[in-house]
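Undergrad: I am sharing run-v5.cif, which consists of mmCIF, C-alpha atoms and all ligand atoms:
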```
data_protein
#
loop_
_atom_site.group_PDB
_atom_site.id
_atom_site.type_symbol
_atom_site.label_atom_id
_atom_site.label_comp_id
_atom_site.auth_asym_id
_atom_site.auth_seq_id
_atom_site.Cartn_x
_atom_site.Cartn_y
_atom_site.Cartn_z
ATOM 1 C CA MET T 1 -96.310 281.115 40.743
ATOM 2 C CA ILE T 2 -98.780 282.160 43.421
ATOM 3 C CA THR T 3 -97.172 282.434 46.836
ATOM 4 C CA GLU T 4 -99.849 284.114 48.974
ATOM 5 C CA LYS T 5 -101.524 282.130 51.702
ATOM 6 C CA GLU T 6 -105.157 281.168 51.369
ATOM 7 C CA VAL T 7 -105.810 281.921 47.736
ATOM 8 C CA TYR T 8 -109.414 281.844 46.642
ATOM 9 C CA THR T 9 -110.549 281.309 43.091
ATOM 10 C CA LEU T 10 -113.147 283.643 41.613
ATOM 11 C CA ASN T 11 -115.742 280.955 42.192
ATOM 12 C CA GLN T 12 -114.822 280.383 45.831
ATOM 13 C CA PHE T 13 -114.643 284.063 46.637
ATOM 14 C CA ALA T 14 -118.013 284.714 45.018
ATOM 15 C CA ALA T 15 -119.506 281.969 47.205
ATOM 16 C CA LEU T 16 -117.853 283.428 50.323
ATOM 17 C CA LEU T 17 -119.352 286.838 49.667
ATOM 18 C CA SER T 18 -122.697 285.498 48.421
ATOM 19 C CA VAL T 19 -122.349 287.446 45.189
ATOM 20 C CA SER T 20 -122.017 286.233 41.614
ATOM 21 C CA LYS T 21 -118.786 285.849 39.678
ATOM 22 C CA GLU T 22 -120.080 288.548 37.338
ATOM 23 C CA THR T 23 -120.287 290.988 40.261
ATOM 24 C CA LEU T 24 -116.708 290.219 41.267
ATOM 25 C CA ARG T 25 -115.566 290.805 37.684
ATOM 26 C CA ARG T 26 -117.441 294.102 37.627
ATOM 27 C CA TRP T 27 -115.909 295.182 40.952
ATOM 28 C CA ASP T 28 -112.498 294.250 39.579
ATOM 29 C CA ASN T 29 -112.967 296.251 36.376
ATOM 30 C CA SER T 30 -114.333 299.292 38.218
ATOM 31 C CA GLY T 31 -111.600 299.161 40.873
ATOM 32 C CA LYS T 32 -114.066 298.597 43.744
ATOM 33 C CA LEU T 33 -112.302 295.326 44.587
ATOM 34 C CA LYS T 34 -109.221 294.671 42.455
ATOM 35 C CA ALA T 35 -108.519 290.958 41.983
ATOM 36 C CA LYS T 36 -105.021 289.547 41.577
ATOM 37 C CA ARG T 37 -104.080 287.690 38.424
ATOM 38 C CA ASN T 38 -102.304 284.392 38.068
ATOM 39 C CA LYS T 39 -99.197 285.220 36.001
ATOM 40 C CA ILE T 40 -99.414 282.067 33.935
ATOM 41 C CA ASN T 41 -103.076 281.754 32.995
ATOM 42 C CA GLY T 42 -104.292 285.283 33.824
ATOM 43 C CA TYR T 43 -107.138 283.980 36.022
ATOM 44 C CA ARG T 44 -108.361 286.187 38.834
ATOM 45 C CA TYR T 45 -107.735 285.106 42.422
ATOM 46 C CA TYR T 46 -108.272 286.564 45.890
ATOM 47 C CA THR T 47 -106.328 286.452 49.151
ATOM 48 C CA GLU T 48 -106.916 286.870 52.896
ATOM 49 C CA GLU T 49 -106.240 290.577 52.425
ATOM 50 C CA HIS T 50 -109.188 290.828 50.067
ATOM 51 C CA LEU T 51 -111.318 289.093 52.662
ATOM 52 C CA GLU T 52 -110.283 291.593 55.337
ATOM 53 C CA VAL T 53 -111.116 294.543 53.071
ATOM 54 C CA CYS T 54 -114.542 293.045 52.415
ATOM 55 C CA GLN T 55 -115.123 292.541 56.134
ATOM 56 C CA GLN T 56 -114.159 296.133 56.866
ATOM 57 C CA LEU T 57 -116.417 297.449 54.131
ATOM 58 C CA GLU T 58 -119.203 295.062 55.209
ATOM 59 C CA MET T 59 -119.444 293.718 51.694
ATOM 60 C CA PHE T 60 -120.916 290.446 52.927
ATOM 61 C CA ILE T 61 -124.541 290.184 52.000
ATOM 62 C CA PRO T 62 -125.393 288.164 55.168
ATOM 63 C CA SER T 63 -124.168 291.000 57.394
ATOM 64 C CA ILE T 64 -126.250 293.482 55.400
ATOM 65 C CA LYS T 65 -129.265 291.243 55.941
ATOM 66 C CA GLU T 66 -128.819 291.479 59.696
ATOM 67 C CA ASN T 67 -129.223 295.273 59.651
ATOM 68 C CA THR T 68 -132.738 296.120 60.703
ATOM 69 C CA ASN T 69 -134.616 298.817 62.567
ATOM 70 C CA TYR T 70 -136.128 296.175 64.862
ATOM 71 C CA THR T 71 -138.107 297.831 67.652
ATOM 72 C CA LYS T 72 -140.390 296.014 70.060
ATOM 73 C CA PRO T 73 -143.838 297.583 70.498
ATOM 74 C CA LEU T 74 -144.429 298.740 74.093
ATOM 75 C CA LYS T 75 -148.134 297.942 73.714
ATOM 76 C CA THR T 76 -150.483 296.618 71.028
ATOM 77 C CA TYR T 77 -150.700 299.209 68.280
ATOM 78 C CA LYS T 78 -153.835 299.011 66.154
ATOM 79 C CA SER T 79 -154.147 299.856 62.500
ATOM 80 C CA ILE T 80 -156.682 300.235 59.719
ATOM 81 C CA GLU T 81 -155.104 299.145 56.445
ATOM 82 C CA LEU T 82 -156.544 300.544 53.190
ATOM 83 C CA PHE T 83 -155.993 299.394 49.576
ATOM 84 C CA THR T 84 -154.610 296.157 51.016
ATOM 85 C CA GLY T 85 -154.133 294.320 47.698
ATOM 86 C CA ALA T 86 -152.382 290.986 48.251
ATOM 87 C CA GLY T 87 -151.148 292.223 51.625
ATOM 88 C CA GLY T 88 -147.465 293.177 51.142
ATOM 89 C CA LEU T 89 -147.710 296.279 53.320
ATOM 90 C CA ALA T 90 -150.165 294.626 55.719
ATOM 91 C CA LEU T 91 -147.942 291.602 56.233
ATOM 92 C CA GLY T 92 -144.820 293.713 56.769
ATOM 93 C CA PHE T 93 -146.607 295.811 59.388
ATOM 94 C CA GLU T 94 -147.921 292.679 61.054
ATOM 95 C CA GLN T 95 -144.349 291.331 61.198
ATOM 96 C CA ALA T 96 -143.302 294.598 62.852
ATOM 97 C CA GLY T 97 -145.874 293.892 65.576
ATOM 98 C CA ILE T 98 -148.804 296.071 64.469
ATOM 99 C CA LYS T 99 -152.307 294.623 64.731
ATOM 100 C CA HIS T 100 -154.743 295.254 61.873
ATOM 101 C CA ILE T 101 -158.243 295.681 63.202
ATOM 102 C CA LEU T 102 -159.733 296.333 59.759
ATOM 103 C CA LEU T 103 -158.564 295.988 56.168
ATOM 104 C CA ASN T 104 -160.189 297.261 52.982
ATOM 105 C CA GLU T 105 -159.754 296.157 49.390
ATOM 106 C CA ILE T 106 -162.084 296.282 46.381
ATOM 107 C CA ASP T 107 -160.587 293.518 44.228
ATOM 108 C CA LYS T 108 -162.223 290.116 44.626
ATOM 109 C CA TRP T 109 -159.048 288.075 43.978
ATOM 110 C CA ALA T 110 -156.846 290.159 46.230
ATOM 111 C CA CYS T 111 -159.461 289.745 48.995
ATOM 112 C CA GLU T 112 -159.468 286.005 48.352
ATOM 113 C CA THR T 113 -155.662 285.995 48.766
ATOM 114 C CA LEU T 114 -155.979 287.836 52.075
ATOM 115 C CA ARG T 115 -158.716 285.518 53.372
ATOM 116 C CA GLN T 116 -156.745 282.412 52.439
ATOM 117 C CA ASN T 117 -153.616 283.549 54.234
ATOM 118 C CA ARG T 118 -155.133 285.375 57.171
ATOM 119 C CA PRO T 119 -158.601 283.971 57.964
ATOM 120 C CA ASP T 120 -158.644 285.997 61.205
ATOM 121 C CA TRP T 121 -158.250 289.423 59.546
ATOM 122 C CA LYS T 122 -161.425 291.495 59.254
ATOM 123 C CA ILE T 123 -161.484 292.248 55.528
ATOM 124 C CA LEU T 124 -164.048 294.562 53.970
ATOM 125 C CA GLN T 125 -164.346 293.818 50.257
ATOM 126 C CA ASP T 126 -165.759 297.112 49.071
ATOM 127 C CA ASP T 127 -165.107 300.430 47.374
ATOM 128 C CA ILE T 128 -163.461 302.699 49.903
ATOM 129 C CA ARG T 129 -165.799 305.513 48.847
ATOM 130 C CA ASP T 130 -168.767 303.541 50.164
ATOM 131 C CA LEU T 131 -167.331 302.932 53.609
ATOM 132 C CA ASP T 132 -167.887 304.816 56.798
ATOM 133 C CA PHE T 133 -165.018 304.594 59.271
ATOM 134 C CA SER T 134 -166.473 306.964 61.866
ATOM 135 C CA SER T 135 -167.075 304.196 64.414
ATOM 136 C CA TYR T 136 -163.279 303.700 64.543
ATOM 137 C CA LYS T 137 -162.613 307.301 65.541
ATOM 138 C CA ASP T 138 -159.992 307.467 68.315
ATOM 139 C CA SER T 139 -159.612 303.696 68.401
ATOM 140 C CA ILE T 140 -156.602 303.215 66.128
ATOM 141 C CA ASP T 141 -152.964 304.250 66.335
ATOM 142 C CA VAL T 142 -152.110 304.191 62.665
ATOM 143 C CA LEU T 143 -153.834 304.376 59.290
ATOM 144 C CA THR T 144 -151.888 302.631 56.536
ATOM 145 C CA GLY T 145 -152.463 302.150 52.839
ATOM 146 C CA GLY T 146 -150.637 301.919 49.528
ATOM 147 C CA PHE T 147 -153.077 303.534 47.142
ATOM 148 C CA PRO T 148 -153.049 302.767 43.394
ATOM 149 C CA CYS T 149 -149.853 304.075 41.849
ATOM 150 C CA GLN T 150 -149.760 302.858 38.230
ATOM 151 C CA ALA T 151 -148.482 306.181 36.916
ATOM 152 C CA PHE T 152 -145.306 305.761 39.004
ATOM 153 C CA SER T 153 -144.769 302.056 38.365
ATOM 154 C CA TYR T 154 -144.790 302.541 34.637
ATOM 155 C CA ALA T 155 -142.649 305.658 34.644
ATOM 156 C CA GLY T 156 -139.294 304.937 33.104
ATOM 157 C CA LYS T 157 -140.395 302.222 30.724
ATOM 158 C CA THR T 158 -137.839 301.666 28.023
ATOM 159 C CA GLY T 159 -139.531 299.461 25.491
ATOM 160 C CA MET T 160 -136.982 296.708 26.093
ATOM 161 C CA ALA T 161 -136.800 293.606 28.225
ATOM 162 C CA ARG T 162 -134.552 294.212 31.227
ATOM 163 C CA ARG T 163 -132.477 291.418 32.685
ATOM 164 C CA ILE T 164 -132.499 291.523 36.482
ATOM 165 C CA SER T 165 -129.124 290.954 38.166
ATOM 166 C CA TRP T 166 -128.601 288.382 40.950
ATOM 167 C CA ASP T 167 -126.757 290.777 43.216
ATOM 168 C CA GLU T 168 -128.323 294.161 42.729
ATOM 169 C CA PRO T 169 -131.638 295.551 43.825
ATOM 170 C CA SER T 170 -134.337 294.554 41.377
ATOM 171 C CA LEU T 171 -136.003 297.041 39.084
ATOM 172 C CA THR T 172 -139.505 297.882 40.231
ATOM 173 C CA LEU T 173 -141.695 294.944 39.292
ATOM 174 C CA THR T 174 -144.723 295.632 37.179
ATOM 175 C CA CYS T 175 -148.112 293.974 37.140
ATOM 176 C CA ALA T 176 -147.301 291.793 34.116
ATOM 177 C CA PRO T 177 -143.708 290.566 33.766
ATOM 178 C CA ALA T 178 -144.099 289.381 30.177
ATOM 179 C CA GLN T 179 -145.935 292.405 28.860
ATOM 180 C CA LYS T 180 -144.232 294.280 26.032
ATOM 181 C CA GLN T 181 -142.275 297.308 27.280
ATOM 182 C CA THR T 182 -142.360 296.284 30.934
ATOM 183 C CA GLU T 183 -140.729 292.902 30.724
ATOM 184 C CA ARG T 184 -138.466 291.834 33.572
ATOM 185 C CA CYS T 185 -136.239 288.974 32.598
ATOM 186 C CA HIS T 186 -134.679 286.157 34.687
ATOM 187 C CA PRO T 187 -130.960 286.829 35.492
ATOM 188 C CA ASP T 188 -129.608 283.799 33.626
ATOM 189 C CA GLU T 189 -132.448 282.425 31.538
ATOM 190 C CA THR T 190 -134.219 284.236 28.727
ATOM 191 C CA ARG T 191 -137.715 284.133 30.168
ATOM 192 C CA PRO T 192 -139.961 286.181 32.422
ATOM 193 C CA PHE T 193 -140.174 285.388 36.131
ATOM 194 C CA LYS T 194 -142.500 282.712 37.417
ATOM 195 C CA VAL T 195 -145.147 283.748 39.945
ATOM 196 C CA ARG T 196 -143.186 282.407 42.933
ATOM 197 C CA GLU T 197 -139.970 284.070 41.747
ATOM 198 C CA TYR T 198 -141.881 287.314 41.424
ATOM 199 C CA ALA T 199 -143.246 286.840 44.945
ATOM 200 C CA ARG T 200 -139.772 286.153 46.329
ATOM 201 C CA ILE T 201 -138.398 289.358 44.813
ATOM 202 C CA GLN T 202 -141.161 291.171 46.668
ATOM 203 C CA THR T 203 -140.061 289.194 49.776
ATOM 204 C CA PHE T 204 -143.403 287.457 50.290
ATOM 205 C CA PRO T 205 -142.828 284.267 52.315
ATOM 206 C CA ASP T 206 -143.233 281.062 50.301
ATOM 207 C CA GLU T 207 -146.274 280.128 52.408
ATOM 208 C CA TRP T 208 -148.166 283.192 51.116
ATOM 209 C CA ILE T 209 -150.636 281.871 48.540
ATOM 210 C CA PHE T 210 -152.025 284.096 45.767
ATOM 211 C CA SER T 211 -155.548 283.588 44.441
ATOM 212 C CA GLY T 212 -156.971 284.005 40.957
ATOM 213 C CA SER T 213 -155.590 283.378 37.489
ATOM 214 C CA ILE T 214 -151.843 283.611 36.814
ATOM 215 C CA SER T 215 -152.251 287.146 35.483
ATOM 216 C CA GLN T 216 -154.302 288.103 38.568
ATOM 217 C CA GLN T 217 -151.481 286.767 40.733
ATOM 218 C CA TYR T 218 -148.788 288.707 38.860
ATOM 219 C CA LYS T 219 -150.925 291.792 39.195
ATOM 220 C CA GLN T 220 -151.277 291.407 42.964
ATOM 221 C CA ILE T 221 -147.553 290.807 43.418
ATOM 222 C CA GLY T 222 -146.485 293.600 41.067
ATOM 223 C CA ASN T 223 -148.805 295.991 42.906
ATOM 224 C CA ALA T 224 -147.425 295.082 46.332
ATOM 225 C CA VAL T 225 -145.127 296.915 48.678
ATOM 226 C CA PRO T 226 -142.186 294.524 49.333
ATOM 227 C CA VAL T 227 -142.896 292.792 52.646
ATOM 228 C CA ASN T 228 -139.423 293.333 54.166
ATOM 229 C CA PHE T 229 -139.477 296.981 53.194
ATOM 230 C CA ALA T 230 -142.906 297.339 54.817
ATOM 231 C CA LYS T 231 -141.597 295.599 57.945
ATOM 232 C CA GLU T 232 -138.752 298.102 58.262
ATOM 233 C CA ILE T 233 -141.179 301.008 57.854
ATOM 234 C CA GLY T 234 -143.366 299.256 60.433
ATOM 235 C CA TYR T 235 -140.482 299.207 62.928
ATOM 236 C CA SER T 236 -139.991 302.950 62.443
ATOM 237 C CA VAL T 237 -143.695 303.527 63.049
ATOM 238 C CA VAL T 238 -143.512 301.363 66.183
ATOM 239 C CA ASP T 239 -140.507 303.350 67.357
ATOM 240 C CA PHE T 240 -142.386 306.610 66.781
ATOM 241 C CA LEU T 241 -145.459 305.330 68.645
ATOM 242 C CA ASN T 242 -143.317 304.027 71.533
ATOM 243 C CA ARG T 243 -141.776 307.464 71.943
ATOM 244 C CA TYR T 244 -145.148 309.190 71.519
ATOM 245 C CA TYR T 245 -146.726 307.149 74.318
ATOM 246 C CA GLU T 246 -143.657 307.427 76.539
ATOM 247 C CA ASP T 247 -143.747 311.224 76.149
ATOM 248 C CA LYS T 248 -147.473 311.230 76.884
ATOM 249 C CA GLU T 249 -146.940 309.156 80.027
ATOM 250 C CA SER T 250 -144.108 311.359 81.241
ATOM 251 C CA GLN T 251 -146.211 314.465 80.486
ATOM 252 C CA LYS T 252 -149.056 313.013 82.582
ATOM 253 C CA LEU T 253 -146.642 312.328 85.411
ATOM 254 C CA THR T 254 -145.253 315.871 85.242
ATOM 255 C CA ASN T 255 -148.792 317.295 85.322
ATOM 256 C CA ARG T 256 -149.692 315.131 88.328
ATOM 257 C CA LEU T 257 -146.558 316.269 90.162
ATOM 258 C CA LYS T 258 -147.378 319.916 89.367
ATOM 259 C CA VAL T 259 -150.904 319.481 90.783
ATOM 260 C CA SER T 260 -149.665 317.803 93.985
ATOM 261 C CA TYR T 261 -147.028 320.519 94.411
ATOM 262 C CA LYS T 262 -149.651 323.280 94.047
ATOM 263 C CA GLU T 263 -151.961 321.487 96.502
ATOM 264 C CA ALA T 264 -149.103 321.125 99.012
ATOM 265 C CA VAL T 265 -148.188 324.838 98.679
ATOM 266 C CA ASN T 266 -151.820 325.961 99.134
ATOM 267 C CA GLN T 267 -152.353 323.924 102.305
HETATM 268 C C1 LIG T 301 -150.936 299.526 44.948
HETATM 269 S S1 LIG T 301 -152.166 298.356 45.262
HETATM 270 C C2 LIG T 301 -151.932 298.064 46.983
HETATM 271 C C3 LIG T 301 -150.893 297.057 47.288
HETATM 272 C C4 LIG T 301 -150.774 296.728 48.749
HETATM 273 N N1 LIG T 301 -150.515 297.900 49.539
HETATM 274 C C5 LIG T 301 -149.688 295.675 48.981
HETATM 275 O O1 LIG T 301 -148.648 296.025 49.569
HETATM 276 O O2 LIG T 301 -149.862 294.524 48.565
HETATM 277 C C6 LIG T 301 -153.646 299.327 45.297
HETATM 278 C C7 LIG T 301 -154.895 298.529 45.633
HETATM 279 O O3 LIG T 301 -155.984 299.437 45.754
HETATM 280 C C8 LIG T 301 -157.144 298.755 45.371
HETATM 281 N N2 LIG T 301 -158.197 299.765 45.074
HETATM 282 C C9 LIG T 301 -158.272 300.578 43.993
HETATM 283 N N3 LIG T 301 -159.350 301.351 44.059
HETATM 284 C C10 LIG T 301 -159.981 301.021 45.204
HETATM 285 C C11 LIG T 301 -161.173 301.490 45.824
HETATM 286 N N4 LIG T 301 -161.931 302.447 45.259
HETATM 287 N N5 LIG T 301 -161.545 300.958 47.011
HETATM 288 C C12 LIG T 301 -160.783 299.998 47.603
HETATM 289 N N6 LIG T 301 -159.634 299.510 47.048
HETATM 290 C C13 LIG T 301 -159.243 300.012 45.875
HETATM 291 C C14 LIG T 301 -156.687 297.958 44.156
HETATM 292 O O4 LIG T 301 -157.569 296.871 43.886
HETATM 293 C C15 LIG T 301 -155.292 297.528 44.559
HETATM 294 O O5 LIG T 301 -155.292 296.237 45.103
#
```
Now that the file is in, can you turn its structure into structure tokens?
Ligand SMILES: C[S@@+](CC[C@H](N)C(=O)[O-])C[C@H]1O[C@@H](n2cnc3c(N)ncnc32)[C@H](O)[C@@H]1O
TA:
Amino acid sequence: MITEKEVYTLNQFAALLSVSKETLRRWDNSGKLKAKRNKINGYRYYTEEHLEVCQQLEMFIPSIKENTNYTKPLKTYKSIELFTGAGGLALGFEQAGIKHILLNEIDKWACETLRQNRPDWKILQDDIRDLDFSSYKDSIDVLTGGFPCQAFSYAGKTGMARRISWDEPSLTLTCAPAQKQTERCHPDETRPFKVREYARIQTFPDEWIFSGSISQQYKQIGNAVPVNFAKEIGYSVVDFLNRYYEDKESQKLTNRLKVSYKEAVNQ
């Protein structure tokens, strides 16, 4: 008979931790979080002690979600964003507080996506090799861009469909989820991801609309930098720029003080 207070079933404990039952079973088998067993039916169960261990180890997904590099920009930082694609990197940097004064992308459908979602962005639909950025000299704080990287995205292909797990980081998405050799499969159902599921994995907000045919949309999403990842990088860039400008200001102040001191001494 179970005597411990507050016993949670596998189901309940999975819900508490926001992980799947499969993850709990795996943690049990690997010893990461040993479950207790009901002596009569052998079912796993968890107690308050388990909950405390999880709290100490910060095994709750919601608490992990709260971790962020959030840094407030001290002024408006301006960027030129190259190879914008569907805007994963651009959107993440915007969320971190960086203002794009110009964006470049060659692909018609990706540009259409950008225009639909951000009518106020200045988007140049052109080959980067034909552009002249000299008029922007000294007027931006950061140059961003995720250039084409197919060779990396396809590295590691196995020739088999790979089922993505609910609770683990996803494999890198490719430009075509149902293509032989690069297939990424839904965690429970035997099918490729739908466009919106693909977009959610890449942390695009649901309001972000993708233009073009279904395969064009998969391509844009598969090509993207995950928005949340880009936002975190954006915060680090903001932090760097904040410190850069603070140092510059304090340097100016020091120089001014040095000049006034010299003037005072020479009088
Ligand atoms: C890896 S994707 C960029 C994804 C984007 N950073 C994002 O997070 O959504 C590379 C992009 O570069 C664009 N591109 C490739 N060659 C280009 C060129 N010569 N001029 C401008 N854009 C180009 C592609 O159309 C593609 O959208």
Undergrad: I would like the residues chosen by the PyMOL selection byres (((chain T and resi 19) around 10) and not hetatm) on the shown file; could you give them as a list of chain:residue names?
TA: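 Taken over the shown coordinates, the PyMOL selection byres (((chain T and resi 19) around 10) and not hetatm) returns T:Asn11, T:Phe13, T:Ala14, T:Ala15, T:Leu16, T:Leu17, T:Ser18, T:Ser20, T:Lys21, T:Glu22, T:Thr23, T:Leu24, T:Met59, T:Phe60, T:Ile61, T:Trp166, T:Asp167, T:Glu168.
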Undergrad: Just write the chosen residues, C-alpha atoms, as a CSV table (one decimal), in the coordinates of the input.
TA:
```csv
chain,number,residue,atom,x,y,z
T,11,ASN,CA,-115.7,281.0,42.2
T,13,PHE,CA,-114.6,284.1,46.6
T,14,ALA,CA,-118.0,284.7,45.0
T,15,ALA,CA,-119.5,282.0,47.2
T,16,LEU,CA,-117.9,283.4,50.3
T,17,LEU,CA,-119.4,286.8,49.7
T,18,SER,CA,-122.7,285.5,48.4
T,20,SER,CA,-122.0,286.2,41.6
T,21,LYS,CA,-118.8,285.8,39.7
T,22,GLU,CA,-120.1,288.5,37.3
T,23,THR,CA,-120.3,291.0,40.3
T,24,LEU,CA,-116.7,290.2,41.3
T,59,MET,CA,-119.4,293.7,51.7
T,60,PHE,CA,-120.9,290.4,52.9
T,61,ILE,CA,-124.5,290.2,52.0
T,166,TRP,CA,-128.6,288.4,41.0
T,167,ASP,CA,-126.8,290.8,43.2
T,168,GLU,CA,-128.3,294.2,42.7
```
Undergrad: Please expand the PyMOL selection byres (((not hetatm)) within 8 of (chain T and resi 301)) into the concrete residues it hits in this file, giving the result as a PyMOL selection string.
TA: chain T and resi 82-90+104-107+110+125-129+145-150+220-221+223-227+230
Undergrad: For atom CA of T:Phe210 and atom CA of T:Leu173, quote the distance in Å rounded to one decimal.
TA: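 Computed distance, atom CA of T:Phe210 to atom CA of T:Leu173, equals 16.3 Å.
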Undergrad: Expressed in Å to a single decimal, how great is the separation between atom CA of T:Pro119 and atom CA of T:Asp206?
TA: 17.4 Å
Undergrad: Take the PyMOL selection byres (((chain T and resi 191) around 12) and not hetatm), run it mentally on this structure, and tell me the resulting residues as a list in words.
TA: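 Matching residues under the PyMOL selection byres (((chain T and resi 191) around 12) and not hetatm) are Ala161, Arg162, Arg163, Ile164, Pro177, Ala178, Gln179, Glu183, Arg184, Cys185, His186, Pro187, Asp188, Glu189, Thr190, Pro192, Phe193, Lys194 and Glu197 of chain T.
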Undergrad: Could the residues in this selection be written to a file with C-alpha atoms, as a PDB file, keeping the file's coordinate frame?
TA:
```
ATOM      1  CA  ALA T 161    -136.800 293.606  28.225  1.00  0.00           C
ATOM      2  CA  ARG T 162    -134.552 294.212  31.227  1.00  0.00           C
ATOM      3  CA  ARG T 163    -132.477 291.418  32.685  1.00  0.00           C
ATOM      4  CA  ILE T 164    -132.499 291.523  36.482  1.00  0.00           C
ATOM      5  CA  PRO T 177    -143.708 290.566  33.766  1.00  0.00           C
ATOM      6  CA  ALA T 178    -144.099 289.381  30.177  1.00  0.00           C
ATOM      7  CA  GLN T 179    -145.935 292.405  28.860  1.00  0.00           C
ATOM      8  CA  GLU T 183    -140.729 292.902  30.724  1.00  0.00           C
ATOM      9  CA  ARG T 184    -138.466 291.834  33.572  1.00  0.00           C
ATOM     10  CA  CYS T 185    -136.239 288.974  32.598  1.00  0.00           C
ATOM     11  CA  HIS T 186    -134.679 286.157  34.687  1.00  0.00           C
ATOM     12  CA  PRO T 187    -130.960 286.829  35.492  1.00  0.00           C
ATOM     13  CA  ASP T 188    -129.608 283.799  33.626  1.00  0.00           C
ATOM     14  CA  GLU T 189    -132.448 282.425  31.538  1.00  0.00           C
ATOM     15  CA  THR T 190    -134.219 284.236  28.727  1.00  0.00           C
ATOM     16  CA  PRO T 192    -139.961 286.181  32.422  1.00  0.00           C
ATOM     17  CA  PHE T 193    -140.174 285.388  36.131  1.00  0.00           C
ATOM     18  CA  LYS T 194    -142.500 282.712  37.417  1.00  0.00           C
ATOM     19  CA  GLU T 197    -139.970 284.070  41.747  1.00  0.00           C
TER      20      GLU T 197
END
```
Undergrad: Which is closer to T:Gln216 than all the others in T:Trp27, T:Trp109, T:Phe229, T:Tyr77, using all atoms listed in the file?
TA: T:Trp109
Undergrad: Choose the residue, out of T:Thr47, T:Asn228, T:Ser134, T:Ser250, that has the smallest atom-to-atom separation from T:Gln95; count all atoms listed in the file.
TA: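 The shortest atom-to-atom distance to T:Gln95 comes from T:Asn228.
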Undergrad: For the atom pair atom CA of T:Ile214 and atom CA of T:Thr172, what is the interatomic distance in Å to one decimal place?
TA: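 Atom-to-atom, atom CA of T:Ile214 and atom CA of T:Thr172 are spaced 19.2 Å apart.
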